[in-house]
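Worksheet: one structure, shown below.
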Amino acid sequence: MAAAFGIHVGNTSACLALYKDGKIEVIANDSGNRVTPAVVAFNETETIVGLAAKSGIARNGSVTVIHNKKLLNEHIDDAELEEVMKSSACKVKNEGGIKYEVKRGEKLCYFTPEDVATHIFTKMFDIANSALRSEDELHAVLTVPLHFQQSSRQTLMRSAEEAGFEVLQVISEPSATVLAYGVGSNIEEEHHCLVYRLGGETLDVTVVLVNAGMYTVLGTIHKSNLGGNRFTRILADYLAGEFQHRWKLDPQESRRSMVKLRNASEACKHVLSTMSTAHCFVESLCEGVDFSHNITRARFENLITPYLPEYVQPVLDVIKEANLSNKIITKLILSGGAMKTPKLQQAIGDLFPDAEVLNGISPDEVIATGAAKQGGYLPGPFDQDCENLSVEVPAVSKPICFKVSDELKCIIPALTPLPVRRSKTHSISSEQLDVAVEFYEVDRDSSCEAPRLLGKVDLSEIKTPTEISIELSMNSVGEMHIVIKDQKAQKRKPWKLEI
């Protein structure tokens with residue numbers, strides 16, 4: 001594959017990454033920003049997507065669509081749908097299907113969530129086309145949340161294809177996040193990864209077992225009403241209080257004033273993720289009065305600290321769902337634009353003091369980066385149904401280990417897909433008189449069950465000291481074949497058995 005794009009479209013923003021010539025690059029839009037607001041505005045003659053649409057919310061909220069991704073989920077629950085309809089400035093109707101009602105001139109127009117998604121993907125297509133400058137088809141890997149149903153994934157694919165992309169595959173957001181950091185590239189490693197994704201509107205916490213290059217989801221928690229925009233609202237309410245205290249005017253009485261203040265608060269929130277102080281300025285906030293105020297990171301953290309337990313609790317819930325302990329988590333991966341907040345990063349990281357925290361990629365770019373990396377692995381469209389998030393494959397149910405002296409060493413970990421071939425080298429000293437290699441099937445928790453002997457190979461004829469290489473292969477039906485080679489004598493000792 002010469003080039004492939006990874007696309008992540010969230011409730012509040014979208015990101016595009018490109019894999020080309022073995023490198024991955026996040027592509028900036030026409031405004032020079034690496035992340036594009038997932039906002040669509042409809043005026044009388046045209047459709048506006050991105051920063052210009054977001055900037056016009058205060059003036060044209062009734063024709064501006066935000067947080068469209070929630071409505072792409074065709075099995076959205078009633079409580080979440082009611083909340084979306086209540087919070088949306090653009091009128092949402094649920095009569096024979098969910099639609100946005102937009103007045104364009106004197107005419108009422110209706111747009112489905114799929115229509116809006118197509119406009120966002122069209123914006124991504126224009127950015128991709130400008131970056132690649134090629135007449136070839138633009139291949140893309142899309143990402144979706146784990147809780148999206150199959151029909152919703154197909155809707156997302158259709159939107160991307162209508163925009164002009166050739167969709168290679170649809171993968172889950174947690175898998176893309178793990179892929180972005182290359183976890184699992186060493187097939188001999190096993191990791192329990194906790195993926196914490198906090199977007200503008202939603203929170204997803206997922207435990208992923210990475211073993212033999214395979215990703216297995218052990219547990220996931222989705223919160224539809226808990227996102228980073230709560231921090232923005234908290235900061236905006238605080239600044240509104242400061243303005244009222246100084247000028248005796250209440251901006252909370254005006255929807256337009258609060259939209260302005262929340263946009264400014266969001267900008268301050270991002271500045272405070274890297275700086276100790278941010279300056280908030282809003283021209284003509286209320287009754288023609290400008291607002292200018294400095295906010296420190298310490299003050300912002302004091303404002304959000306009482307709410308942090310709500311963001312921590314889903315982590316404890318998913319660990320319990322996966323039947324694991326905090327200590328078994330080896331990788332903590334942070335994603336989502338709201339995870340730039342240092343105080344929240346610290347609160348989540350403190351739960352896993354022994355885990356490696358992976359946050360070297362900007363949190364709002366990591367999912368698109370992982371999708372682009374997956375696109376680089378694919379020689380063409382996925383040979384399964386490309387919208388499927390998982391594929392069933394035969395795998396080893398329990399670890400296969402060998403023992404030459406007193407120590408058991410794993411040669412094939414559990415959940416390794418079949419067929420498989422692995423080899424290990426072992427040194428034999430002159431003190432070992434009776435040399436034999438024993439093979440065992442071991443319970444993953446060795447305290448629960450004694451190892452089961454699968455077979456034994458007698459190597460008493462070899463001359464010590466020496467090194468032996470043990471090669472073990474299993475086919476798709478579980479038949480195991482073993483070849484042991486004396487590195488010094490160049491002799492082979494075959495052994496075959498079935499399990």
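Letters for chains follow the order of the structure tokens (A, B, ...), residue numbers begin at 1 for each chain, and ligand numbers begin at 1 in the order shown.
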Fill in: All strand (DSSP E) positions in segment 406-473 of chain A, as an MDAnalysis selection string
chainID A and resid 408:412 420:428 436:441 452:458 466:473
Within 6 Å of segment 43-59 of chain A, counting only C-alpha atoms, which residues qualify if same-chain residues fewer than 4 places away don't, as a PDB file with all heavy atoms, in the first residue's frame?
```
ATOM      1  N   THR A  36      -9.741  19.246  13.357  1.00  0.00           N
ATOM      2  CA  THR A  36     -10.818  20.023  12.745  1.00  0.00           C
ATOM      3  C   THR A  36     -12.100  19.875  13.561  1.00  0.00           C
ATOM      4  O   THR A  36     -12.501  18.740  13.850  1.00  0.00           O
ATOM      5  CB  THR A  36     -11.082  19.538  11.306  1.00  0.00           C
ATOM      6  OG1 THR A  36      -9.885  19.670  10.535  1.00  0.00           O
ATOM      7  CG2 THR A  36     -12.196  20.343  10.651  1.00  0.00           C
ATOM      8  N   PRO A  37     -12.755  20.958  13.965  1.00  0.00           N
ATOM      9  CA  PRO A  37     -14.021  20.824  14.689  1.00  0.00           C
ATOM     10  C   PRO A  37     -15.046  20.043  13.867  1.00  0.00           C
ATOM     11  O   PRO A  37     -15.235  20.316  12.669  1.00  0.00           O
ATOM     12  CB  PRO A  37     -14.464  22.273  14.902  1.00  0.00           C
ATOM     13  CG  PRO A  37     -13.193  23.065  14.856  1.00  0.00           C
ATOM     14  CD  PRO A  37     -12.327  22.376  13.851  1.00  0.00           C
ATOM     15  N   ALA A  38     -15.709  19.080  14.496  1.00  0.00           N
ATOM     16  CA  ALA A  38     -16.742  18.283  13.816  1.00  0.00           C
ATOM     17  C   ALA A  38     -18.073  19.016  13.925  1.00  0.00           C
ATOM     18  O   ALA A  38     -19.032  18.536  14.541  1.00  0.00           O
ATOM     19  CB  ALA A  38     -16.814  16.893  14.433  1.00  0.00           C
ATOM     20  N   VAL A  39     -18.117  20.186  13.315  1.00  0.00           N
ATOM     21  CA  VAL A  39     -19.281  21.070  13.382  1.00  0.00           C
ATOM     22  C   VAL A  39     -19.695  21.409  11.956  1.00  0.00           C
ATOM     23  O   VAL A  39     -18.843  21.718  11.116  1.00  0.00           O
ATOM     24  CB  VAL A  39     -18.951  22.360  14.164  1.00  0.00           C
ATOM     25  CG1 VAL A  39     -20.171  23.276  14.237  1.00  0.00           C
ATOM     26  CG2 VAL A  39     -18.456  22.026  15.561  1.00  0.00           C
ATOM     27  N   ARG A 104     -33.550  27.092   5.754  1.00  0.00           N
ATOM     28  CA  ARG A 104     -32.652  27.716   4.767  1.00  0.00           C
ATOM     29  C   ARG A 104     -33.478  28.690   3.947  1.00  0.00           C
ATOM     30  O   ARG A 104     -34.223  28.290   3.042  1.00  0.00           O
ATOM     31  CB  ARG A 104     -31.992  26.672   3.879  1.00  0.00           C
ATOM     32  CG  ARG A 104     -31.303  25.566   4.649  1.00  0.00           C
ATOM     33  CD  ARG A 104     -30.530  24.627   3.754  1.00  0.00           C
ATOM     34  NE  ARG A 104     -29.185  25.134   3.480  1.00  0.00           N
ATOM     35  CZ  ARG A 104     -28.236  24.421   2.880  1.00  0.00           C
ATOM     36  NH1 ARG A 104     -28.485  23.159   2.495  1.00  0.00           N
ATOM     37  NH2 ARG A 104     -27.042  24.942   2.665  1.00  0.00           N
ATOM     38  N   GLY A 105     -33.357  29.974   4.276  1.00  0.00           N
ATOM     39  CA  GLY A 105     -34.208  30.971   3.645  1.00  0.00           C
ATOM     40  C   GLY A 105     -35.631  30.804   4.152  1.00  0.00           C
ATOM     41  O   GLY A 105     -35.893  30.827   5.350  1.00  0.00           O
ATOM     42  N   ARG A 256     -26.352  33.666  23.927  1.00  0.00           N
ATOM     43  CA  ARG A 256     -25.267  34.067  23.037  1.00  0.00           C
ATOM     44  C   ARG A 256     -24.013  34.423  23.832  1.00  0.00           C
ATOM     45  O   ARG A 256     -22.901  34.083  23.451  1.00  0.00           O
ATOM     46  CB  ARG A 256     -25.714  35.253  22.179  1.00  0.00           C
ATOM     47  CG  ARG A 256     -24.672  35.701  21.170  1.00  0.00           C
ATOM     48  CD  ARG A 256     -25.246  36.754  20.225  1.00  0.00           C
ATOM     49  NE  ARG A 256     -24.265  37.169  19.245  1.00  0.00           N
ATOM     50  CZ  ARG A 256     -24.502  38.037  18.275  1.00  0.00           C
ATOM     51  NH1 ARG A 256     -25.723  38.571  18.151  1.00  0.00           N
ATOM     52  NH2 ARG A 256     -23.564  38.377  17.423  1.00  0.00           N
ATOM     53  N   VAL A 259     -22.344  31.188  24.994  1.00  0.00           N
ATOM     54  CA  VAL A 259     -21.662  30.493  23.898  1.00  0.00           C
ATOM     55  C   VAL A 259     -20.300  31.126  23.658  1.00  0.00           C
ATOM     56  O   VAL A 259     -19.282  30.443  23.499  1.00  0.00           O
ATOM     57  CB  VAL A 259     -22.508  30.513  22.613  1.00  0.00           C
ATOM     58  CG1 VAL A 259     -21.689  30.028  21.421  1.00  0.00           C
ATOM     59  CG2 VAL A 259     -23.748  29.637  22.771  1.00  0.00           C
TER      60      VAL A 259
END
```
Worksheet item: Could you pull the residues within 7 Å of Val457 of chain A, counting only C-alpha atoms, minus those fewer than 2 positions along the same chain, as a list of chain:residue names?
Response: A:Ala436, A:Val437, A:Glu438, A:Gly455, A:Leu459
Each segment 104-202 of chain A residue no farther than 12 Å from segment 298-312 of chain A, nearest pair in Å, only C-alpha atoms, as a Markdown table:
```
| residue | atom | partner | partner_atom | distance |
| --- | --- | --- | --- | --- |
| A:Tyr196 | CA | A:Tyr311 | CA | 10.0 |
| A:Arg197 | CA | A:Tyr311 | CA | 10.7 |
| A:Leu198 | CA | A:Tyr311 | CA | 9.0 |
| A:Gly199 | CA | A:Tyr311 | CA | 11.9 |
| A:Thr202 | CA | A:Tyr311 | CA | 10.7 |
```
Discussion item. Can you pull out every residue from segment 132-291 of chain A that DSSP, working from the backbone, puts in helix (DSSP H, G or I), and format the result as a VMD selection string?
Written reply: chain A and resid 132 150 to 163 173 to 180 229 to 247 251 to 253 255 to 272
Discussion item. I'd like the contact shell of Ile171 of chain A - 7 Å cut-off, only C-alpha atoms, skipping same-chain residues fewer than 6 positions apart - returned as a VMD selection string.
Written reply: chain A and resid 142 to 144 389
Requested write-out: C-alpha atoms of the selected residues, as a CSV table (one decimal), in the first residue's frame:
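So the final result, stored in again31.csv, reads:
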```csv
chain,number,residue,atom,x,y,z
A,142,LEU,CA,-12.1,4.4,10.0
A,143,THR,CA,-12.5,4.1,13.7
A,144,VAL,CA,-15.7,3.6,15.7
A,389,LEU,CA,-14.4,-5.0,14.6
```
Worksheet, complete the sentence: Students should find that atom CA of Glu161 of chain A and atom CA of Thr220 of chain A are spaced 29.0 Å
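Distances to Ala3 of chain A were evaluated for A:Asp21, A:Glu392, A:Glu407, A:Glu166 using only C-alpha atoms, and the minimum falls at A:Asp21.
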Discussion item. Residues within 9 Å of Ala176 of chain A, please, as a list of chain:residue names. Count only C-alpha atoms; anything in the same chain fewer than 5 positions from it doesn't count.
Written reply: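 Using only C-alpha atoms, the neighbours found are A:Thr143, A:Ile171, A:Val366, A:Ile367, A:Ala368, A:Thr369, A:Gly370, A:Ala371, A:Ala372, A:Lys373, A:Gln374.
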Please dump the current selection as a CSV table (one decimal), in the first residue's frame; keep all heavy atoms.
```
chain,number,residue,atom,x,y,z
A,143,THR,N,-12.4,4.6,12.3
A,143,THR,CA,-12.5,4.1,13.7
A,143,THR,C,-13.9,4.4,14.3
A,143,THR,O,-14.5,5.4,13.9
A,143,THR,CB,-11.5,4.8,14.6
A,143,THR,OG1,-11.8,6.2,14.7
A,143,THR,CG2,-10.1,4.6,14.1
A,171,ILE,N,-12.0,-0.2,12.3
A,171,ILE,CA,-11.5,-0.7,13.6
A,171,ILE,C,-12.0,0.0,14.8
A,171,ILE,O,-12.5,1.1,14.6
A,171,ILE,CB,-9.9,-0.8,13.5
A,171,ILE,CG1,-9.4,0.7,13.5
A,171,ILE,CG2,-9.4,-1.5,12.4
A,171,ILE,CD1,-7.8,0.7,13.6
A,366,VAL,N,-4.1,10.6,18.6
A,366,VAL,CA,-3.6,9.2,18.7
A,366,VAL,C,-4.5,8.2,18.0
A,366,VAL,O,-4.0,7.2,17.4
A,366,VAL,CB,-3.5,8.9,20.2
A,366,VAL,CG1,-4.8,8.9,21.0
A,366,VAL,CG2,-2.8,7.5,20.4
A,367,ILE,N,-5.8,8.4,18.0
A,367,ILE,CA,-6.7,7.4,17.4
A,367,ILE,C,-6.5,7.4,15.9
A,367,ILE,O,-6.4,6.4,15.2
A,367,ILE,CB,-8.2,7.6,17.8
A,367,ILE,CG1,-8.4,7.4,19.3
A,367,ILE,CG2,-9.1,6.7,17.0
A,367,ILE,CD1,-9.8,7.7,19.8
A,368,ALA,N,-6.5,8.6,15.3
A,368,ALA,CA,-6.2,8.7,13.8
A,368,ALA,C,-4.9,8.2,13.5
A,368,ALA,O,-4.7,7.5,12.4
A,368,ALA,CB,-6.3,10.2,13.4
A,369,THR,N,-3.9,8.4,14.3
A,369,THR,CA,-2.5,7.8,14.1
A,369,THR,C,-2.5,6.3,14.0
A,369,THR,O,-1.9,5.7,13.2
A,369,THR,CB,-1.5,8.3,15.2
A,369,THR,OG1,-1.5,9.7,15.1
A,369,THR,CG2,-0.2,7.8,15.0
A,370,GLY,N,-3.2,5.7,15.0
A,370,GLY,CA,-3.3,4.2,15.0
A,370,GLY,C,-4.1,3.7,13.8
A,370,GLY,O,-3.7,2.6,13.2
A,371,ALA,N,-5.1,4.4,13.3
A,371,ALA,CA,-5.8,4.0,12.2
A,371,ALA,C,-5.0,4.0,10.9
A,371,ALA,O,-5.0,3.2,10.1
A,371,ALA,CB,-7.1,4.8,12.0
A,372,ALA,N,-4.2,5.1,10.8
A,372,ALA,CA,-3.2,5.2,9.7
A,372,ALA,C,-2.2,4.1,9.7
A,372,ALA,O,-1.9,3.5,8.6
A,372,ALA,CB,-2.6,6.6,9.7
A,373,LYS,N,-1.7,3.7,10.9
A,373,LYS,CA,-0.8,2.6,11.0
A,373,LYS,C,-1.4,1.3,10.5
A,373,LYS,O,-0.8,0.5,9.8
A,373,LYS,CB,-0.3,2.5,12.4
A,373,LYS,CG,0.8,1.4,12.6
A,373,LYS,CD,1.4,1.4,14.0
A,373,LYS,CE,2.3,2.6,14.2
A,373,LYS,NZ,3.1,2.4,15.5
A,374,GLN,N,-2.6,1.1,10.9
A,374,GLN,CA,-3.3,-0.1,10.5
A,374,GLN,C,-3.5,-0.1,8.9
A,374,GLN,O,-3.3,-1.1,8.3
A,374,GLN,CB,-4.7,-0.2,11.1
A,374,GLN,CG,-5.6,-1.3,10.6
A,374,GLN,CD,-5.1,-2.7,11.0
A,374,GLN,OE1,-4.1,-2.8,11.7
A,374,GLN,NE2,-5.8,-3.7,10.6
```
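Atom pair atom CA of Leu285 of chain A / atom CA of Pro251 of chain A has a distance of 7.2 Å (rounded to one decimal).
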Fill in: Neighbour list for Val141 of chain A as a list in words, cut-off 7 Å, only C-alpha atoms, skip fewer than 2 positions in-chain
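So, after excluding close chain neighbours, the residues are Phe5, Gly6, Ile7, Thr143, Val167, Leu168, Gln169, Val170, Ala371, Ala372 and Gly375 of chain A.
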Worksheet item: Got a sec: who's within 12 Å of Tyr215 of chain A, counting only C-alpha atoms, leaving out chain neighbours fewer than 5 positions off, as an NGL selection string?
Response: :A and (171-172 or 174-179 or 182-185 or 187 or 190-193 or 206-210 or 389-393 or 415-417)
Write out the residues from the selection above, keeping N, CA and C atoms, as a tab-separated table (two decimals), in the first residue's frame.
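Output saved as selection24.tsv:
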```tsv
chain	number	residue	atom	x	y	z
A	171	ILE	N	-12.03	-0.16	12.34
A	171	ILE	CA	-11.47	-0.75	13.56
A	171	ILE	C	-12.00	0.01	14.77
A	172	SER	N	-11.90	-0.60	15.92
A	172	SER	CA	-12.38	0.04	17.15
A	172	SER	C	-11.40	1.11	17.61
A	174	PRO	N	-10.35	1.79	20.73
A	174	PRO	CA	-9.30	1.30	21.63
A	174	PRO	C	-8.18	0.57	20.89
A	175	SER	N	-8.53	-0.22	19.88
A	175	SER	CA	-7.50	-0.93	19.10
A	175	SER	C	-6.59	0.06	18.38
A	176	ALA	N	-7.19	1.11	17.82
A	176	ALA	CA	-6.39	2.13	17.13
A	176	ALA	C	-5.44	2.81	18.09
A	177	THR	N	-5.90	3.06	19.31
A	177	THR	CA	-5.06	3.71	20.32
A	177	THR	C	-3.86	2.84	20.67
A	178	VAL	N	-4.11	1.54	20.86
A	178	VAL	CA	-3.01	0.62	21.19
A	178	VAL	C	-2.05	0.50	20.01
A	179	LEU	N	-2.60	0.45	18.79
A	179	LEU	CA	-1.77	0.36	17.58
A	179	LEU	C	-0.85	1.57	17.44
A	182	GLY	N	2.34	1.07	19.04
A	182	GLY	CA	3.08	-0.13	18.64
A	182	GLY	C	3.08	-1.23	19.67
A	183	VAL	N	2.14	-1.22	20.61
A	183	VAL	CA	2.06	-2.28	21.60
A	183	VAL	C	1.63	-3.57	20.89
A	184	GLY	N	2.40	-4.63	21.07
A	184	GLY	CA	2.11	-5.88	20.39
A	184	GLY	C	2.98	-6.15	19.19
A	185	SER	N	3.85	-5.20	18.85
A	185	SER	CA	4.74	-5.42	17.70
A	185	SER	C	5.75	-6.54	17.99
A	187	ILE	N	5.87	-10.01	19.28
A	187	ILE	CA	4.86	-11.05	19.48
A	187	ILE	C	5.13	-11.89	20.72
A	190	GLU	N	3.48	-9.91	26.39
A	190	GLU	CA	2.07	-9.90	26.79
A	190	GLU	C	1.84	-8.68	27.65
A	191	HIS	N	0.79	-7.93	27.34
A	191	HIS	CA	0.49	-6.72	28.10
A	191	HIS	C	-1.01	-6.62	28.34
A	192	HIS	N	-1.36	-6.15	29.52
A	192	HIS	CA	-2.73	-5.74	29.81
A	192	HIS	C	-2.75	-4.22	29.73
A	193	CYS	N	-3.43	-3.69	28.72
A	193	CYS	CA	-3.46	-2.24	28.49
A	193	CYS	C	-4.80	-1.67	28.93
A	206	THR	N	-11.37	1.05	28.46
A	206	THR	CA	-11.32	-0.31	27.91
A	206	THR	C	-10.05	-1.00	28.37
A	207	VAL	N	-10.17	-2.28	28.73
A	207	VAL	CA	-9.01	-3.11	29.03
A	207	VAL	C	-8.77	-4.03	27.83
A	208	VAL	N	-7.56	-3.95	27.27
A	208	VAL	CA	-7.20	-4.74	26.10
A	208	VAL	C	-6.02	-5.63	26.46
A	209	LEU	N	-6.18	-6.94	26.24
A	209	LEU	CA	-5.08	-7.87	26.39
A	209	LEU	C	-4.35	-7.97	25.06
A	210	VAL	N	-3.05	-7.66	25.08
A	210	VAL	CA	-2.22	-7.75	23.88
A	210	VAL	C	-1.31	-8.94	24.06
A	389	LEU	N	-15.46	-5.43	13.65
A	389	LEU	CA	-14.42	-5.00	14.58
A	389	LEU	C	-13.59	-6.17	15.07
A	390	SER	N	-14.06	-7.41	14.88
A	390	SER	CA	-13.31	-8.56	15.38
A	390	SER	C	-13.47	-9.73	14.42
A	391	VAL	N	-12.48	-10.60	14.44
A	391	VAL	CA	-12.48	-11.79	13.60
A	391	VAL	C	-12.14	-12.98	14.48
A	392	GLU	N	-12.92	-14.05	14.39
A	392	GLU	CA	-12.65	-15.24	15.18
A	392	GLU	C	-11.55	-16.06	14.52
A	393	VAL	N	-10.53	-16.43	15.30
A	393	VAL	CA	-9.44	-17.26	14.80
A	393	VAL	C	-9.15	-18.34	15.83
A	415	LEU	N	-3.68	-17.79	23.96
A	415	LEU	CA	-4.37	-16.95	22.99
A	415	LEU	C	-3.53	-16.62	21.77
A	416	THR	N	-2.40	-17.35	21.58
A	416	THR	CA	-1.62	-17.18	20.36
A	416	THR	C	-2.40	-17.80	19.19
A	417	PRO	N	-2.62	-17.06	18.11
A	417	PRO	CA	-3.40	-17.61	17.00
A	417	PRO	C	-2.67	-18.73	16.28
```
Discussion item. Nearest residue to Val315 of chain A out of A:Phe121, A:Ala355, A:Arg255, A:Ile221, using only C-alpha atoms?
Written reply: A:Ile221
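Atom CA of His119 of chain A is positioned 21.1 Å from atom CA of Glu135 of chain A.
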Worksheet item: Of the residues A:Leu454, A:Ile400, A:Ile462, A:Ile468, which is the one nearest to Val442 of chain A, using only C-alpha atoms?
Response: A:Ile400
Restrict the calculation to only C-alpha atoms, then for each residue of segment 351-400 of chain A with any atom at most 8 Å from an atom of segment 338-344 of chain A give the closest atom pair and their distance in Å to one decimal, rows by chain and rising residue number, as a Markdown table.
```
| residue | atom | partner | partner_atom | distance |
| --- | --- | --- | --- | --- |
| A:Ser362 | CA | A:Lys340 | CA | 7.9 |
| A:Pro363 | CA | A:Met339 | CA | 6.3 |
| A:Asp364 | CA | A:Ala338 | CA | 8.0 |
```
Could you give me, as CSV, a per-residue list for segment 13-45 of chain A showing, wherever an atom lies at most 12 Å from an atom of segment 74-92 of chain A, the closest pair of atoms and their distance in Å to one decimal, using only C-alpha atoms and sorting by chain then residue number from low to high?
```
residue,atom,partner,partner_atom,distance
A:Val39,CA,A:Cys90,CA,11.5
A:Val40,CA,A:Cys90,CA,10.5
A:Ala41,CA,A:Cys90,CA,9.5
A:Phe42,CA,A:Cys90,CA,10.3
```
With N, CA and C atoms kept, could you save the residues just selected as a PDB file, in the first residue's frame?
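Final output, saved to result.pdb:
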```pdb
ATOM      1  N   VAL A  39     -18.117  20.186  13.315  1.00  0.00           N
ATOM      2  CA  VAL A  39     -19.281  21.070  13.382  1.00  0.00           C
ATOM      3  C   VAL A  39     -19.695  21.409  11.956  1.00  0.00           C
ATOM      4  N   VAL A  40     -20.999  21.345  11.696  1.00  0.00           N
ATOM      5  CA  VAL A  40     -21.523  21.622  10.352  1.00  0.00           C
ATOM      6  C   VAL A  40     -22.596  22.690  10.464  1.00  0.00           C
ATOM      7  N   ALA A  41     -22.486  23.735   9.645  1.00  0.00           N
ATOM      8  CA  ALA A  41     -23.474  24.816   9.620  1.00  0.00           C
ATOM      9  C   ALA A  41     -24.071  24.922   8.220  1.00  0.00           C
ATOM     10  N   PHE A  42     -25.374  25.163   8.169  1.00  0.00           N
ATOM     11  CA  PHE A  42     -26.090  25.291   6.899  1.00  0.00           C
ATOM     12  C   PHE A  42     -26.606  26.720   6.760  1.00  0.00           C
TER      13      PHE A  42
END
```
